[in-house]
Each structure stands twice: as C-alpha cells, then as structure tokens.
Amino acid sequence: MAEDGLADGPGADVSILIVEDEENLAEALRYNMEREGYAASVANDGAEALRSVRELGPDLIVLDIMLPVLDGFEVCRILRKETAVPILMLTAKDDVIDRVLGLELGADDYLTKPFSMHELTARIRAILRRTQTARGLADSGDEGEVHVSDDLRVDLGSHTVTLADRDVQMRPREFDLLALLVANKGRVQTRNQILDKLWGVGYVGDTRTVDVHVRWLREKIETDPGKPVRIVTVRGVGYRFEG
C-alpha cells in the first residue's frame, strides 16, 4: 500500500470499479488507484459496468456520465435498484443539471473534468470513510431501539421502517436520514448538520443532496408529498420532523 493510503481504511481490501470509455484516462485512473493501494478494475461501457458490478461486487464505483451503450445516468439508476455501493460520478462539464440529476439518481458525489488525481483520491477517501462510519454506527447502535411516531415505526436494530403496518423500502442513506430526524423530533436539523452527521465532516458536495433525500423520504412516508406534515421545511434553515 502507498504510504499515504487510507490511515483507517482497509487499503488493498477495497476494490474500485472505474467506468470510463476513454482508454488513456481509464488506465491512468486504474494506475493511480492501484498506486494508492486499492484493487482497481475497468469497464469501458455501461453494459460492461453492470456486469462487472454484479460479478465483482466493488466497494466503490467511479462512473463517467458519457458512456457508450448505456450512459452513466442509466447505469446509476439501474444500480440503485440493486445495491447501495457508493458511486462517484464524473462529468465532462460543470453543469448543475448533470450534478443534480446524478444526485437524484443516487450518486454519492460528483467530480467535474478535468480534475487532479489528488482531488479524485481525496473524494474517494471521503466517501469510503463516510461508508465505514455509517456501517460502524449501524453495528454499534442500540439494537433494540425503536422510534415510533403515530403509525410510523423506525427500528434501528432491524434497519426497517413500517407505515400503518406496511413495510417501507428504503435506501441505506434514506433510512439513516429518517432515523436522525425521528430521533430529533421537534428539533430543526440544518442541512449542514445533516451532511456532517450522515455524509461526514469532510463532505465537499452540494447541500442539495439533503434536499433530494428529503424529497425521496416524503414520497414514501407523506400522504401528500407536496404538502408534507411529517418532515417539514424550516425555510432558510433545514428540516424538522413533526410526526
């Protein structure tokens, strides 16, 4: 492993799938990831990316948006139905629409080309640390703790949510956000507080990431997501769970 590899991470035990159709860039990314101590593999189009994820089960995916066969957005959309593996999207232009769409589809972070390998490595380390922290919190939390609000039940031990006795399917980060809001019922959580607690203090992405996840939650637990009564917006501040 490189001397400046993850100090608290699994190093070579971490596998990264690089999805990039520009051969020179793909190989440069693979070389630098292996130099950092990661096990790296490459897929050159969207269809190959899906096969590689299903066969290799990587710990993180670096996913370009502009790909042949299936573009990065479609790959991300499909993968988010199958796995919670962290996804760092690469976009060729600093386009807000591309960034927001990627986040809405479930990407964990994005990076605009051209970028430095140092910045890419920093982003990857931050994502991996957040993932490790989230897993640690889940493993060390109160296994019997259950939050109940009216007909909504959030079970931290089993990582399940039920609404009116019906199971509600949630992505891992959605569950973590709901658990945070419910545990702080009646208290405002700012966007930055939510990012620090769930994405980590080193997160350098957009606070709209929180807004996207809140919208997803509202679609699942609100009777009318357009007029939420459980997760309310405190304008200019953040969100508060009312029950």
# chains A, B, ... in the order shown; residues from 1 in each chain; ligands from 1
>>> residues_around(residues="Ile65 of chain A", least_positions_apart="6", cutoff="10 Å", atoms="only C-alpha atoms", output="mmCIF file with all heavy atoms, in the first residue's frame")
data_model
loop_
_atom_site.group_PDB
_atom_site.id
_atom_site.type_symbol
_atom_site.label_atom_id
_atom_site.label_comp_id
_atom_site.auth_asym_id
_atom_site.auth_seq_id
_atom_site.Cartn_x
_atom_site.Cartn_y
_atom_site.Cartn_z
ATOM 1 N N VAL A 19 -15.408 3.122 -14.411
ATOM 2 C CA VAL A 19 -16.223 3.004 -15.616
ATOM 3 C C VAL A 19 -15.938 4.218 -16.485
ATOM 4 O O VAL A 19 -16.431 5.326 -16.216
ATOM 5 C CB VAL A 19 -17.727 2.909 -15.286
ATOM 6 C CG1 VAL A 19 -18.523 2.619 -16.556
ATOM 7 C CG2 VAL A 19 -17.982 1.837 -14.232
ATOM 8 N N GLU A 20 -15.131 4.034 -17.501
ATOM 9 C CA GLU A 20 -14.646 5.131 -18.336
ATOM 10 C C GLU A 20 -14.309 4.595 -19.724
ATOM 11 O O GLU A 20 -13.598 3.595 -19.837
ATOM 12 C CB GLU A 20 -13.413 5.765 -17.679
ATOM 13 C CG GLU A 20 -12.674 6.769 -18.504
ATOM 14 C CD GLU A 20 -13.541 7.961 -18.877
ATOM 15 O OE1 GLU A 20 -13.989 8.686 -17.972
ATOM 16 O OE2 GLU A 20 -13.775 8.147 -20.099
ATOM 17 N N ASP A 21 -14.828 5.240 -20.785
ATOM 18 C CA ASP A 21 -14.597 4.745 -22.140
ATOM 19 C C ASP A 21 -13.361 5.342 -22.796
ATOM 20 O O ASP A 21 -12.915 4.852 -23.838
ATOM 21 C CB ASP A 21 -15.824 4.993 -23.024
ATOM 22 C CG ASP A 21 -16.106 6.471 -23.225
ATOM 23 O OD1 ASP A 21 -15.944 7.241 -22.260
ATOM 24 O OD2 ASP A 21 -16.489 6.846 -24.345
ATOM 25 N N GLY A 46 -21.437 1.144 -20.434
ATOM 26 C CA GLY A 46 -22.437 0.971 -19.397
ATOM 27 C C GLY A 46 -22.851 -0.462 -19.159
ATOM 28 O O GLY A 46 -23.025 -0.889 -18.009
ATOM 29 N N ASP A 71 -25.563 5.207 -20.776
ATOM 30 C CA ASP A 71 -24.814 6.306 -20.166
ATOM 31 C C ASP A 71 -24.774 6.144 -18.644
ATOM 32 O O ASP A 71 -25.436 5.277 -18.066
ATOM 33 C CB ASP A 71 -25.382 7.665 -20.572
ATOM 34 C CG ASP A 71 -26.792 7.937 -20.041
ATOM 35 O OD1 ASP A 71 -27.180 7.344 -19.019
ATOM 36 O OD2 ASP A 71 -27.499 8.757 -20.656
ATOM 37 N N GLY A 72 -23.964 6.991 -18.008
ATOM 38 C CA GLY A 72 -23.768 6.868 -16.570
ATOM 39 C C GLY A 72 -25.033 7.069 -15.764
ATOM 40 O O GLY A 72 -25.218 6.445 -14.717
ATOM 41 N N PHE A 73 -25.929 7.943 -16.228
ATOM 42 C CA PHE A 73 -27.189 8.153 -15.519
ATOM 43 C C PHE A 73 -28.010 6.866 -15.470
ATOM 44 O O PHE A 73 -28.559 6.497 -14.434
ATOM 45 C CB PHE A 73 -28.005 9.254 -16.196
ATOM 46 C CG PHE A 73 -27.409 10.626 -16.071
ATOM 47 C CD1 PHE A 73 -27.306 11.449 -17.182
ATOM 48 C CD2 PHE A 73 -26.947 11.092 -14.851
ATOM 49 C CE1 PHE A 73 -26.763 12.714 -17.071
ATOM 50 C CE2 PHE A 73 -26.394 12.357 -14.727
ATOM 51 C CZ PHE A 73 -26.300 13.173 -15.851
ATOM 52 N N GLU A 74 -28.091 6.186 -16.619
ATOM 53 C CA GLU A 74 -28.884 4.956 -16.677
ATOM 54 C C GLU A 74 -28.237 3.857 -15.842
ATOM 55 O O GLU A 74 -28.926 3.099 -15.148
ATOM 56 C CB GLU A 74 -29.022 4.487 -18.129
ATOM 57 C CG GLU A 74 -29.877 3.241 -18.327
ATOM 58 C CD GLU A 74 -31.337 3.447 -17.960
ATOM 59 O OE1 GLU A 74 -31.738 4.605 -17.725
ATOM 60 O OE2 GLU A 74 -32.081 2.453 -17.917
ATOM 61 N N VAL A 75 -26.918 3.773 -15.889
ATOM 62 C CA VAL A 75 -26.206 2.793 -15.066
ATOM 63 C C VAL A 75 -26.481 3.051 -13.585
ATOM 64 O O VAL A 75 -26.775 2.127 -12.818
ATOM 65 C CB VAL A 75 -24.686 2.845 -15.337
ATOM 66 C CG1 VAL A 75 -23.928 1.972 -14.339
ATOM 67 C CG2 VAL A 75 -24.386 2.395 -16.761
ATOM 68 N N CYS A 76 -26.400 4.320 -13.176
ATOM 69 C CA CYS A 76 -26.657 4.672 -11.779
ATOM 70 C C CYS A 76 -28.089 4.326 -11.388
ATOM 71 O O CYS A 76 -28.328 3.781 -10.306
ATOM 72 C CB CYS A 76 -26.388 6.160 -11.574
ATOM 73 S SG CYS A 76 -26.503 6.719 -9.859
ATOM 74 N N MET A 89 -19.624 10.082 -9.503
ATOM 75 C CA MET A 89 -19.860 10.327 -10.925
ATOM 76 C C MET A 89 -18.885 11.363 -11.472
ATOM 77 O O MET A 89 -18.541 12.332 -10.786
ATOM 78 C CB MET A 89 -21.297 10.796 -11.169
ATOM 79 C CG MET A 89 -22.345 9.769 -10.784
ATOM 80 S SD MET A 89 -23.982 10.083 -11.515
ATOM 81 C CE MET A 89 -23.748 9.371 -13.146
ATOM 82 N N LEU A 90 -18.456 11.133 -12.714
ATOM 83 C CA LEU A 90 -17.579 12.064 -13.415
ATOM 84 C C LEU A 90 -18.365 12.733 -14.533
ATOM 85 O O LEU A 90 -19.027 12.058 -15.326
ATOM 86 C CB LEU A 90 -16.378 11.324 -14.016
ATOM 87 C CG LEU A 90 -15.504 10.513 -13.065
ATOM 88 C CD1 LEU A 90 -14.380 9.840 -13.838
ATOM 89 C CD2 LEU A 90 -14.935 11.390 -11.953
ATOM 90 N N THR A 91 -18.319 14.060 -14.590
ATOM 91 C CA THR A 91 -18.995 14.788 -15.652
ATOM 92 C C THR A 91 -17.994 15.650 -16.404
ATOM 93 O O THR A 91 -17.056 16.184 -15.802
ATOM 94 C CB THR A 91 -20.130 15.673 -15.085
ATOM 95 O OG1 THR A 91 -20.684 16.462 -16.129
ATOM 96 C CG2 THR A 91 -19.620 16.579 -13.987
ATOM 97 N N ALA A 92 -18.171 15.755 -17.718
ATOM 98 C CA ALA A 92 -17.210 16.468 -18.555
ATOM 99 C C ALA A 92 -17.386 17.976 -18.482
ATOM 100 O O ALA A 92 -16.573 18.723 -18.992
ATOM 101 C CB ALA A 92 -17.338 16.000 -20.002
ATOM 102 N N ASP A 98 -26.554 18.259 -14.682
ATOM 103 C CA ASP A 98 -25.917 16.943 -14.601
ATOM 104 C C ASP A 98 -25.678 16.553 -13.152
ATOM 105 O O ASP A 98 -25.920 15.416 -12.755
ATOM 106 C CB ASP A 98 -24.577 16.945 -15.351
ATOM 107 C CG ASP A 98 -24.752 16.796 -16.851
ATOM 108 O OD1 ASP A 98 -25.902 16.583 -17.291
ATOM 109 O OD2 ASP A 98 -23.750 16.889 -17.575
ATOM 110 N N GLY A 102 -27.555 13.480 -11.249
ATOM 111 C CA GLY A 102 -26.767 12.387 -10.694
ATOM 112 C C GLY A 102 -27.090 12.146 -9.236
ATOM 113 O O GLY A 102 -27.248 11.002 -8.797
#
>>> select_by_dssp(residues="segment 37-83 of chain A", states="strand (DSSP E)", output="MDAnalysis selection string")
chainID A and resid 39:43 60:64
>>> closest_residue(among="A:Val146, A:Glu36, A:Arg30, A:Met66", to="Ser158 of chain A", atoms="only C-alpha atoms")
A:Val146
>>> residues_around(residues="Ile16 of chain A", least_positions_apart="4", cutoff="10 Å", atoms="only C-alpha atoms", output="ChimeraX atom specification")
/A:12,30,33-34,38-42,53,56-62,86-87,124
>>> select_by_dssp(residues="segment 55-84 of chain A", states="alpha helix (DSSP H)", output="MDAnalysis selection string")
chainID A and resid 55:56 72:79
>>> atom_distance(atom1="atom CA of Tyr110 of chain A", atom2="atom CA of Glu22 of chain A")
17.9 Å
>>> closest_residue(among="A:Leu67, A:Ala107, A:Val14, A:Leu128", to="Gly37 of chain A", atoms="only C-alpha atoms")
A:Val14
>>> atom_distance(atom1="atom CA of Arg35 of chain A", atom2="atom CA of Pro68 of chain A")
27.7 Å
>>> atom_distance(atom1="atom CA of Arg218 of chain A", atom2="atom CA of Leu152 of chain A")
12.6 Å
>>> decode(residues="segment 40-63 of chain A", atoms="N, CA and C atoms", output="compact mmCIF listing (two decimals), in the first residue's frame")
# COMPACT_ATOMS: atom_id res chain seq x y z
N ALA A 40 -8.11 -2.23 -8.33
CA ALA A 40 -8.89 -1.49 -9.33
C ALA A 40 -9.14 -2.32 -10.57
N SER A 41 -10.34 -2.15 -11.14
CA SER A 41 -10.69 -2.79 -12.41
C SER A 41 -11.40 -1.76 -13.27
N VAL A 42 -11.50 -2.05 -14.57
CA VAL A 42 -12.04 -1.07 -15.52
C VAL A 42 -13.15 -1.69 -16.35
N ALA A 43 -14.20 -0.90 -16.58
CA ALA A 43 -15.26 -1.25 -17.54
C ALA A 43 -15.35 -0.08 -18.51
N ASN A 44 -15.51 -0.38 -19.80
CA ASN A 44 -15.45 0.66 -20.82
C ASN A 44 -16.80 1.13 -21.36
N ASP A 45 -17.88 0.49 -20.95
CA ASP A 45 -19.20 0.98 -21.35
C ASP A 45 -20.21 0.63 -20.27
N GLY A 46 -21.44 1.14 -20.43
CA GLY A 46 -22.44 0.97 -19.40
C GLY A 46 -22.85 -0.46 -19.16
N ALA A 47 -23.00 -1.22 -20.22
CA ALA A 47 -23.40 -2.61 -20.07
C ALA A 47 -22.33 -3.43 -19.37
N GLU A 48 -21.09 -3.19 -19.74
CA GLU A 48 -19.97 -3.89 -19.08
C GLU A 48 -19.90 -3.49 -17.61
N ALA A 49 -20.23 -2.23 -17.31
CA ALA A 49 -20.22 -1.78 -15.93
C ALA A 49 -21.21 -2.56 -15.08
N LEU A 50 -22.42 -2.77 -15.60
CA LEU A 50 -23.42 -3.53 -14.86
C LEU A 50 -22.96 -4.96 -14.62
N ARG A 51 -22.39 -5.57 -15.65
CA ARG A 51 -21.89 -6.95 -15.49
C ARG A 51 -20.78 -7.00 -14.44
N SER A 52 -19.88 -6.03 -14.49
CA SER A 52 -18.74 -6.02 -13.55
C SER A 52 -19.20 -5.83 -12.11
N VAL A 53 -20.17 -4.95 -11.91
CA VAL A 53 -20.67 -4.73 -10.56
C VAL A 53 -21.31 -6.00 -10.01
N ARG A 54 -22.09 -6.67 -10.85
CA ARG A 54 -22.78 -7.89 -10.41
C ARG A 54 -21.82 -9.03 -10.17
N GLU A 55 -20.74 -9.08 -10.93
CA GLU A 55 -19.77 -10.17 -10.79
C GLU A 55 -18.73 -9.90 -9.71
N LEU A 56 -18.26 -8.65 -9.62
CA LEU A 56 -17.14 -8.33 -8.74
C LEU A 56 -17.55 -7.76 -7.39
N GLY A 57 -18.73 -7.13 -7.33
CA GLY A 57 -19.16 -6.52 -6.07
C GLY A 57 -18.17 -5.52 -5.53
N PRO A 58 -17.82 -4.46 -6.30
CA PRO A 58 -16.82 -3.49 -5.84
C PRO A 58 -17.30 -2.71 -4.62
N ASP A 59 -16.34 -2.11 -3.92
CA ASP A 59 -16.66 -1.30 -2.75
C ASP A 59 -17.00 0.14 -3.13
N LEU A 60 -16.61 0.55 -4.33
CA LEU A 60 -16.89 1.91 -4.80
C LEU A 60 -16.80 1.92 -6.32
N ILE A 61 -17.61 2.78 -6.94
CA ILE A 61 -17.61 2.89 -8.40
C ILE A 61 -17.31 4.33 -8.80
N VAL A 62 -16.34 4.50 -9.68
CA VAL A 62 -16.08 5.80 -10.31
C VAL A 62 -16.73 5.72 -11.68
N LEU A 63 -17.80 6.49 -11.88
CA LEU A 63 -18.67 6.31 -13.04
C LEU A 63 -18.75 7.56 -13.90
